[in-house]
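One structure is given below, encoded as structure tokens.
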Protein chains: 2
Amino acid sequence: MVPRGGNSRPQAVQGRTMPDMIPDMIPETIIPLILCGGSGTRLWPLSRKSYPKQFSSLLGEESLFQMALQRLSGPGYGAPVIVTGSDFRFIVREQMAAAGVTPGAILIEPGPRNTAPAILAGVLHVAQADPGALILVAPSDHLIPDAGAFRAAVAAGVPAARSGRIVTFGIAPTRPETGYGWLDLDGVPDGTTPLPLRRFVEKPDAARAAAMLATGTHAWNAGIFLFTAATFLAAVRAHAADLMAPVEAAVAGAARDLGFLRLAADPWGQAPDISVDYAVMERAANLSVVPFAGAWSDLGDWEAVWRETGAGGATHGPVTAIDCEDSLLRSEAEGLALVGIGLKGLIAVAMPDAVLIADRSRAQEVKQAVAALKAKGVRQAEAFPRDHRPWGWFETLAQGPRFQVKRIVVHPGAALSLQSHMHRAEHWVVVQGTARVTVDAEVRLVTENQSVYIPLGARHRMENPGKVDLVLIEVQTGAYLGEDDITRYEDVYARGQGAKG
Amino acid sequence: MVPRGGNSRPQAVQGRTMPDMIPDMIPETIIPLILCGGSGTRLWPLSRKSYPKQFSSLLGEESLFQMALQRLSGPGYGAPVIVTGSDFRFIVREQMAAAGVTPGAILIEPGPRNTAPAILAGVLHVAQADPGALILVAPSDHLIPDAGAFRAAVAAGVPAARSGRIVTFGIAPTRPETGYGWLDLDGVPDGTTPLPLRRFVEKPDAARAAAMLATGTHAWNAGIFLFTAATFLAAVRAHAADLMAPVEAAVAGAARDLGFLRLAADPWGQAPDISVDYAVMERAANLSVVPFAGAWSDLGDWEAVWRETGAGGATHGPVTAIDCEDSLLRSEAEGLALVGIGLKGLIAVAMPDAVLIADRSRAQEVKQAVAALKAKGVRQAEAFPRDHRPWGWFETLAQGPRFQVKRIVVHPGAALSLQSHMHRAEHWVVVQGTARVTVDAEVRLVTENQSVYIPLGARHRMENPGKVDLVLIEVQTGAYLGEDDITRYEDVYARGQGAKG
């Protein structure tokens with residue numbers, strides 16, 4: 001399967017970390033199991049509950065999720081299995097399509113249950129086809145710039161994983177970090193040679209972190225694991241047996257839904273809400289650690305992002321920084337000019353609907369600030385300007401007492417449900433592409449520079465029968481303009497009355 | 001004329017500054033001459049060339065200009081004469097109407113020429129009707145919270161002005177300010193009793209400012225003057241004779257234009273570009289100073305605004321400030337959430353298209369930052385999101401490669417020109433009010449929730465025949481969407497081909 005000495009992907013790997021014989025060490029397919037259900041707020045306003053950081057182009061053109069997909073593809077890797085939340089399923093599919101990656105499966109968690117149930121569900125799904133499959137569990141929101149070096153580390157772990165070990169990856173620490181869990185290694189790292197794990201160390205205090213950094217035999221726990229399905233299932237049975245019944249039932253009862261695999265909600269809700277570290281890894285005796293000396297970050301807060309984008313005044317977007325030091329200045333919109341003057345040690349992230357300015361040393365307090373916004377009922381605490389739906393996305397351009405203007409983008413082949421509204425009429429003006437529009441009994445094509453009027457109460461549907469995105473401007477008028485004023489008659493995406501979109 | 005002891009305006013005045021006999025001291029009408037042509041950038045992004053700070057609601061509901069109008073109205077004050085630039089004339093009229101103040105005249109400067117020609121033009125205009133008229137010259141962009149106390153100071157200056165003195169107002173200094181000019185008084189201020197002026201002191205260094213503050217016989221020069229037209233004209237003839245001919249010719253040749261008085265451009269352009277302080281005040285011997293102990297600020301930069309809005313974390317708009325000190329945090333839009341965490345000594349001003357974050361001690365560098373933006377061709381350096389026109393205003397809501405969406409507001413009774421476009425078609429959806437729309441030969445009324453299509457090339461016009469603002473959403477489609485794609489056939493505002501709006 002693997003062409004000797006050949007590889008279609010560009011390799012940024014040094015001989016030190018990927019010797020010539022490495023390709024021979026991937027004699028079988030590794031299934032990436034990518035955890036994509038997180039909804040962290042510590043990178044607010046870029047990361048919000050409705051569009052969390054793994055989907056954002058935080059560093060570079062692609063999203064962190066897309067970078068994770070690319071990192072775990074190529075020779076030796078199979079189609080990835082994604083575990084995500086219901087709200088994110090269409091974003092996942094869209095970003096995978098844009099990245100040119102075909103999923104093995106997209107599992108939908110009926111609700112967030114932490115990493116242990118999520119990983120177990122993915123492993124059980126893979127094991128249905130191949131109980132001996134090699135699985136690499138990886139978060140979707142971390143940064144590992146040198147993908148080739150990381151794949152070399154994964155390759156170095158394959159023999160241990162195949163022999164029944166749970167392989168974890170130990171990041172070479174570069175500072176006495178108190179925000180991560182650490183790994184106590186039984187030996188001194190030498191390249192990517194696996195070492196036995198002595199024990200996990202939970203987030204340490206500063207003194208303990210400094211002491212561990214000095215030993216040279218400690219590493220950061222990145223939450224990345226390589227094992228066979230059989231090895232992991234045995235570990236769960238041994239150390240977290242109460243997980244097995246509900247998650248097995250949720251997987252067995254999963255429903256196929258538009259290409260997604262929706263886990264059964266009832267048993268899923270009975271699974272303990274617990275991390276894989278607590279449930280399994282800290283109890284298992286068969287762990288090995290593959291050291292990884294390359295750069296890695298969990299991008300856990302803006303301080304971490306600042307660290308990755310370079311000290312001394314990192315900027316992103318249309319920013320004018322005058323005499324700024326040790327600051328991260330980001331404008332997240334093309335039409336939003338951000339000017340900083342004489343700033344020191346500051347984080348500033350500007351979006352058209354929300355701006356964060358924080359002292360860098362207090363980046364971790366963003367989470368509490370978002371909680372405070374949420375308590376005040378501020379929409380931006382959780383909602384993103386763009387609202388992603390099965391058929392595309394929309395955003396509100398303007399709102400008045402009795403009107404609302406939206407930009408709506410419908411992907412090729414997609415369709416909105418057949419619906420009607422009790423309290424509003426709609427004007428649609430097509431500005432790109434072609435729409436097939438149904439209004440009561442009439443169906444017609446509406447193309448660029450044409451408009452349609454949807455009277456209050458009319459049954460209507462919009463489809464994109466074309467090959468390019470359909471873009472239209474919708475002007476709503478009426479006394480009540482809430483998203484829940486919707487009656488659905490038919491919906492290819494199987495959503496109910498008053499549900500989103 | 002002045003009702004004894006009665007006044008329809010609410011008075012926040014203390015007995016100390018406005019004794020009971022004050023109304024008797026205003027036996028004649030004072031004509032306010034309000035300078036409204038400035039286009040400062042030191043309060044960017046709130047103040048921009050196209051919509052400078054005097055028109056902004058910087059502090060409170062009303063704009064600074066409206067506050068100046070209110071301050072100089074009531075018993076004893078005549079209809080104000082406004083001097084402004086051509087770009088601002090409709091904003092001036094709109095804000096005066098909203099404030100319920102009828103202008104005596106609105107003079108339009110064909111180009112900016114500094115304060116001496118502007119004041120001279122206003123004085124010459126007033127003198128045409130009454131050479132002995134009492135005139136109070138005042139900037140439109142300063143803050144004087146206690147209007148009653150200020151009017152009392154003006155009243156105290158009337159006898160001196162009537163006797164042929166040029167009366168200036170000396171603000172009691174509260175700090176060794178190096179950013180203002182100072183007045184050296186011949187005596188110690190006692191209430192509002194006029195004192196002779198020894199001399200002007202240009203912006204001093206810190207030591208000189210501290211020394212003047214310590215004397216108790218120095219005051220800040222606020223650029224506010226009270227004199228008769230004859231006194232001022234004599235002073236100009238004596239000290240700045242070269243001003244007289246071009247400005248007299250500009251006033252004599254002024255054209256009436258929709259209720260504005262547009263000064264003749266050719267002679268105006270020959271007037272020296274000079275401030276009234278340099279040209280006249282620093283040379284004249286007949287100056288008196290009325291001390292003013294009330295609060296005053298030129299709001300010259302964000303540091304000055306911070307000082308007026310209170311130390312210790314002043315906020316404006318939807319701001320969440322967590323543990324912020326000595327900072328000014330402003331969000332200028334309802335839908336823009338600004339969060340500050342752990343900030344000290346910072347200015348932050350957020351708008352949907354521009355954000356400024358500056359160390360407070362460097363507020364004066366905003367001017368250079370805006371110059372840098374302008375050099376980079378950044379639209380926001382000078383342009384405001386809302387574009388004010390004779391008939392109302394518009395703003396761009398969204399822009400794409402071949403489309404643009406605008407919100408257009410047309411005031412009651414106003415009309416856009418009869419026009420056509422070569423490169424774009426337009427869809428109009430009325431969301432508030434009623435429009436009278438002409439498309440080629442057809443004229444019809446379009447009301448809320450109705451739409452009109454304007455084909456490429458069609459002659460069209462929109463009017464608001466109603467009693468409330470007309471609000472419509474315009475969707476433009478076409479290959480070229482510039483404002484200059486316009487052919488005008490009739491325009492009640494006498495604008496030409498390709499000119500704005």
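Ordering of the structure tokens sets the chain letters (A, B, ...), residue numbers begin anew at 1 in every chain, and ligands are numbered from 1 in the order given.
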**OP:** Excluding Cys324 in chain A and residues on its chain fewer than 3 positions from it, collect all residues at most 9 Å away from it, counting only C-alpha atoms, and give them as a PyMOL selection string.
**Re:** chain A and resi 312-313+321+327+340-346
Can you write out the residues you just picked, keeping C-alpha atoms, as a PDB file, in the first residue's frame?
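Written file, selection.pdb:
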```pdb
ATOM      1  CA  GLY A 312       6.747  41.714  19.898  1.00  0.00           C
ATOM      2  CA  GLY A 313       3.443  42.844  18.431  1.00  0.00           C
ATOM      3  CA  ALA A 321       0.071  48.910  15.365  1.00  0.00           C
ATOM      4  CA  SER A 327       0.716  42.386  22.248  1.00  0.00           C
ATOM      5  CA  GLY A 340      -3.275  50.251  18.506  1.00  0.00           C
ATOM      6  CA  ILE A 341      -1.041  52.972  19.946  1.00  0.00           C
ATOM      7  CA  GLY A 342       1.562  52.422  22.638  1.00  0.00           C
ATOM      8  CA  LEU A 343       0.139  49.125  23.885  1.00  0.00           C
ATOM      9  CA  LYS A 344       2.099  46.714  26.065  1.00  0.00           C
ATOM     10  CA  GLY A 345       1.206  43.141  26.969  1.00  0.00           C
ATOM     11  CA  LEU A 346      -2.319  43.383  25.603  1.00  0.00           C
TER      12      LEU A 346
END
```
Compile a residue-level contact table for chain B against chain A at a cut-off of 7 Å, reporting for every qualifying residue the shortest atom pair and its distance in Å to one decimal, with only C-alpha atoms counted, rows ordered by chain and ascending number, as CSV.
```
residue,atom,partner,partner_atom,distance
B:Gly335,CA,A:Asp353,CA,6.0
B:Leu336,CA,A:Asp353,CA,4.4
B:Ala337,CA,A:Ala354,CA,4.5
B:Leu338,CA,A:Val355,CA,4.7
B:Val339,CA,A:Leu356,CA,4.9
B:Gly340,CA,A:Ile357,CA,4.8
B:Ile341,CA,A:Ala358,CA,4.5
B:Gly342,CA,A:Asp359,CA,5.5
B:Leu343,CA,A:Asp359,CA,6.0
B:Pro352,CA,A:Pro352,CA,4.8
B:Asp353,CA,A:Leu336,CA,4.4
B:Ala354,CA,A:Ala337,CA,4.5
B:Val355,CA,A:Leu338,CA,4.7
B:Leu356,CA,A:Val339,CA,4.9
B:Ile357,CA,A:Gly340,CA,4.8
B:Ala358,CA,A:Ile341,CA,4.5
B:Asp359,CA,A:Gly342,CA,5.5
B:Arg362,CA,A:Gly342,CA,6.9
B:Leu397,CA,A:Leu397,CA,5.8
B:Ala398,CA,A:Leu397,CA,6.9
B:Phe403,CA,A:Val431,CA,6.2
B:Val431,CA,A:Phe403,CA,6.1
B:Asn449,CA,A:Thr477,CA,6.1
B:Thr477,CA,A:Asn449,CA,6.1
```
**OP:** Counting only C-alpha atoms, figure out which residue out of A:Asp146, A:Glu62, A:Glu109, A:Glu483 gets nearest to Ala255 in chain A.
**Re:**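 Looking at the shortest contact to Ala255 in chain A, the residue is A:Glu109.
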**OP:** Find the spatial neighbours of range 190-195 of chain B, counting only C-alpha atoms, within a cut-off of 10 Å - ignore same-chain residues fewer than 3 positions away - and output them as JSON, numbers by chain.
**Re:** {"B": [16, 17, 18, 149, 150, 152, 153, 154, 155, 156, 157, 158, 159, 160, 167, 168, 169, 170, 185, 186, 187, 198, 287, 288, 289, 290, 291, 292, 293]}
Original post:
Which distance in Å separates CA of Ala254 in chain B and CA of Ile91 in chain B, to one decimal?
Top reply: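 Pair CA of Ala254 in chain B / CA of Ile91 in chain B returns 20.4 Å.
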**OP:** Could you find all residues in range 262-417 of chain B that DSSP calls strand (DSSP E or B) from the backbone, and write them as a PyMOL selection string?
**Re:** chain B and resi 262+287-292+297+314-316+319-322+325+328-331+337-341+344+346-351+354-359+386-389+392-399+403-410+415
**OP:** For range 97-101 of chain B, work out the shell of residues within 8 Å, counting only C-alpha atoms and skipping chain neighbours fewer than 6 positions away, then give it as a ChimeraX atom specification.
**Re:** /B:66,69-70,79
Please write the residues from the selection above to a file, keeping C-alpha atoms, as a PDB file, in the first residue's frame.
```pdb
ATOM      1  CA  GLN B  66     -26.638  70.995  19.545  1.00  0.00           C
ATOM      2  CA  LEU B  69     -26.939  75.886  20.232  1.00  0.00           C
ATOM      3  CA  GLN B  70     -28.891  75.279  23.426  1.00  0.00           C
ATOM      4  CA  ALA B  79     -31.036  83.462  15.975  1.00  0.00           C
TER       5      ALA B  79
END
```
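CA of Leu120 in chain B is positioned 7.9 Å from CA of Met244 in chain B.
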Subject >> helix (DSSP H, G or I) positions in range 282-401 of chain B, given as a list in words >> reply: Trp302, Glu303, Ala304, Val305, Trp306, Arg307, Glu308, Thr309, Arg360, Ser361, Arg362, Ala363, Gln364, Glu365, Val366, Lys367, Gln368, Ala369, Val370, Ala371, Ala372, Leu373, Lys374, Ala375, Arg379, Gln380 and Ala381 of chain B
